[in-house]
Each structure stands twice: as structure tokens, then as C-alpha cells.
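Here the structure comes first, spelled out in C-alpha cells, and everything after it is commentary.
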Amino acid sequence: MAQDWRLFQGGDTRPHEVETWPAAPPWRRFGDDARRRDKERPLPYLISDEDRDVVNMALHLHRPLLVTGRPGTGKSTLAHAIARELMLGEVLHWPVNSRSTLTEGLYSYDAVGRLREASLKRRADETAGTEPDIGDYLRLGPLGTALLPARTPRVLLVDELDKGDVDLPNDLLTVFEEGEFEIPELARLGEGRTVQVQYAGSREKVGITSGWVSCSVFPVVVITSNGEREFPPAFLRRCVRLDLKQPDEAQLQQIVTMHLGEQVGARAQELIADFVSRRNERELATDQLLNAVRLRSSGVRVDQDVLDKLFRSLNEVDAQ
């Protein structure tokens, strides 16, 4: 059985077609069919009563929810669970890195592209006096889109804020407190001027008047952190804080069953126990367990060597 699962052999193996390509795990399926299945059969989000109440406090207080916890505890998934259950549309996703700035989250302006377009138009017709529409070169970012006025809030996922610049949390404070921001490039056009601008997650446009975007209801902001560094006290005071714990053995059993079905889940007890034992010694994420169970359910002989490769410590991976 072990030799059957190795599609790639290497060495001097002759090129060959794979008659039956392995079916993808549920969490690695893409395209319209996958999106339709996710909407028809969304996976429940497992959360304790205590953590659920913290989420609801953030919703009632209209405050950002700062979610901490080890990788694989469901921090990012929480934002999608809130949006799905409360029917708040697609999640606006802002993945933060060391180069992220507040302006990037609010909007982007392609000034160079606009100048190039204006130059091309002048060359084509020297008598043409019209400049390219500035709205065609502006696009609201995920944070800027979340602050658009609407009857119900959008869900904004600010993912891994601790990877950003040390000043970014403080930069966010004013926007979170005031619920509005200015686009200087539009404000300079004059009071009362409305420009149609594209927003994140859509090809449609929205009108922005006098260069200001002001929310009518504060968005549901879910900020995740892996705890790589501390945030300023002023920022922490303005957030509702939720620390997600690692799922225990019973919860892992539920997670495996939800993703892979009852039959697979019933046969995964040994792997789950092994995973929990290893996790007590080093940092592991839940998706590593799901990968191991998926391989075994596909007919792969998951021996200790395979488990060692799948259950690699996250600290080992980060060090490379």
C-alpha cells in the first residue's frame, strides 16, 4: 500500500500520467463548486461559553476584538464564523506584514499610472484638456471599505497585527475612535465634489464626497495576534481581548469529525492521542493533525516517519 500513494518517485523514473488524481481535502478545495459547498454546508465554529460571551461583549460595545492564541486555535476562522452566522457578507481581510501601513489599509492611489495615462492622452490629442478620472486610480483598502456607511457592519479581519510595524497599532487608534478618515487626494478637489471609487472585494464603485469616509455603524473588527510582541497599553485599553486556548482531545475529535466525517473521525482516536502527546512537548497546530488524519483516510500508511514529517514543530519551521 505504501508504494501506491507515492505519485512522484524521482530518480530515472519515466514520465507517466496519473490516472486518478488524489481528491483534495475539504479545506484545500477551490473554485465555484467549493464556494457553493461552503455556503450550503458551513462548518460550525466550536467555541466555549466563556469565549462566546467575550465575542458578544465586543459586538455590543462596538469595540475591536483582539484575539490571541497559538497557531491553529481558530483565531482567523472566528471572523468568518461571525460574518456567516450574522449574515454580514464577505469578510474583509487585511493580512499585516512588516511593511504594512495605515494608509495601505485605508486606500491606495496609483498616481504614477494616472500621470502616465494623462501623458498618453496628450500625445494622442494635443488639444485634449481632460485629465483621467482620479476615481479610476483610487481603491479603498479593507479597513477603508469597512468604514463605508452602511445599515449593518462589515467584518474586518486584521490578521497577525503583531507582525506589523511597532507604530501601526497606535496609528489605528484614531481611526478606531473616530470611525472616519480623509483621502487628501480627493479632499483637494473641493468641498462637495463626489468621486466614484472602487472598494475592496468588489468591482463596483461607491461615491465619496469631499474626500471623507465616515462609518454609520462601527465594523466588526477582529484583530489576530500570535503573541510575538506586546501592544501599547493605549491600544489594548480600546480592545476587547480574547485568548483562545488550544483544543483538548475531545474538541479535536469534534474538529476532525466536522472536517472529514464521522467514519474517519471514529478511526482517528489513536492519531489524536499521539498528536496531543506531542503537542505537550512542542508547538503544533491543529491543521497538522487534520493533514495526518486525511492522509491515513486516503489509504496512505501513516507510520512514525510520516508523522514526524507532518508533526514538525512550528518553532522548527520558523527557525528555517
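Each chain in the C-alpha cells gets a letter, A, B and so on, in the order shown; residues start at 1 in every chain, and ligands are counted from 1 in the order they appear.
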
Run DSSP on the backbone and grab whatever in stretch 23-260 of chain A lands in helix (DSSP H, G or I); send it over as a VMD selection string. chain A and resid 26 to 28 31 to 40 49 to 61 75 to 85 102 to 106 111 to 124 134 to 137 142 to 146 161 to 163 168 to 178 184 to 187 233 to 237 249 to 260

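Summary of the local environment: counting only C-alpha atoms, residues at most 9 Å from A:Arg294, other than itself and those fewer than 4 positions away along its chain, are Pro25, Leu260, Val264, Leu289, Leu290, Ser298, Gly299 and Val300 of chain A.
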
Pick the closest to A:Lys163 from A:Ser119, A:Thr73, A:Thr101, A:Ser202: which is it, counting only C-alpha atoms? A:Thr101

Report as a tab-separated table the residues of stretch 37-61 of chain A within 12 Å of stretch 85-90 of chain A, each with its shortest atom pair and distance in Å (one decimal), using only C-alpha atoms, ordered by chain and increasing residue number.
```
residue	atom	partner	partner_atom	distance
A:Lys39	CA	A:Glu85	CA	11.1
A:Pro42	CA	A:Glu85	CA	9.7
A:Leu43	CA	A:Glu85	CA	10.8
A:Pro44	CA	A:Glu85	CA	9.4
A:Tyr45	CA	A:Glu85	CA	9.7
A:Asn56	CA	A:Leu86	CA	11.7
A:Leu59	CA	A:Leu86	CA	11.1
```

For those residues, write C-alpha atoms to a file as a PDB file, in the first residue's frame.
```pdb
ATOM      1  CA  LYS A  39     -22.373  28.094   1.713  1.00  0.00           C
ATOM      2  CA  PRO A  42     -20.826  25.637   6.508  1.00  0.00           C
ATOM      3  CA  LEU A  43     -18.774  24.090   9.285  1.00  0.00           C
ATOM      4  CA  PRO A  44     -19.818  25.067  12.822  1.00  0.00           C
ATOM      5  CA  TYR A  45     -17.332  27.051  14.875  1.00  0.00           C
ATOM      6  CA  ASN A  56     -20.627  39.286  22.208  1.00  0.00           C
ATOM      7  CA  LEU A  59     -20.200  43.304  19.376  1.00  0.00           C
TER       8      LEU A  59
END
```

Give me, as a PyMOL selection string, all polymer residues having an atom no more than 9 Å from stretch 141-156 of chain A, counting only C-alpha atoms and skipping those fewer than 3 positions away in the same chain. chain A and resi 79-80+82-83+88-94+102-108+179-181+199-201+206+213-223

Between A:Val96, A:Ile134, A:Val293, A:Leu168, which is the closest to A:Ile183 once you count only C-alpha atoms?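 The answer is A:Ile134, which sits nearest to A:Ile183.
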
How many Å separate atom CA of A:Pro64 from atom CA of A:Pro169?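 So the two atoms, atom CA of A:Pro64 and atom CA of A:Pro169, lie 11.7 Å apart.
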
Kindly indicate which residue among A:Val18, A:Leu242, A:Ile272, A:Ile208 lies nearest to A:Ile255, using only C-alpha atoms for the distances. A:Ile272

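Neighbours of A:Tyr137 closer than or equal to 7 Å, with only C-alpha atoms counted and sequence neighbours fewer than 5 positions away skipped, come out as Tyr109, Asp110 and Arg114 of chain A.
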
Produce a file of the selected residues containing C-alpha atoms, as a short mmCIF file (atom, residue, chain, number, x, y, z; two decimals), in the first residue's frame.
```cif
data_model
loop_
_atom_site.label_atom_id
_atom_site.label_comp_id
_atom_site.auth_asym_id
_atom_site.auth_seq_id
_atom_site.Cartn_x
_atom_site.Cartn_y
_atom_site.Cartn_z
CA TYR A 109 -3.68 55.72 -5.09
CA ASP A 110 -1.84 54.97 -8.33
CA ARG A 114 -2.68 58.43 -13.67
#
```

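Among the candidates A:Glu19, A:Val240, A:Gln263, A:Pro184, the residue lying nearest to A:His60 is A:Val240 (atoms considered: only C-alpha atoms).
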
Would you please give, as number ranges by chain, all residues of stretch 37-239 of chain A that DSSP assigns to strand (DSSP E or B) based on the backbone? A: 65-68, 92-95, 107-109, 138-140, 155-159, 180-182, 194-198, 205-209, 212-214, 220-225

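A straight line drawn from atom CA of A:Trp212 to atom CA of A:Glu178 is 12.1 Å long.
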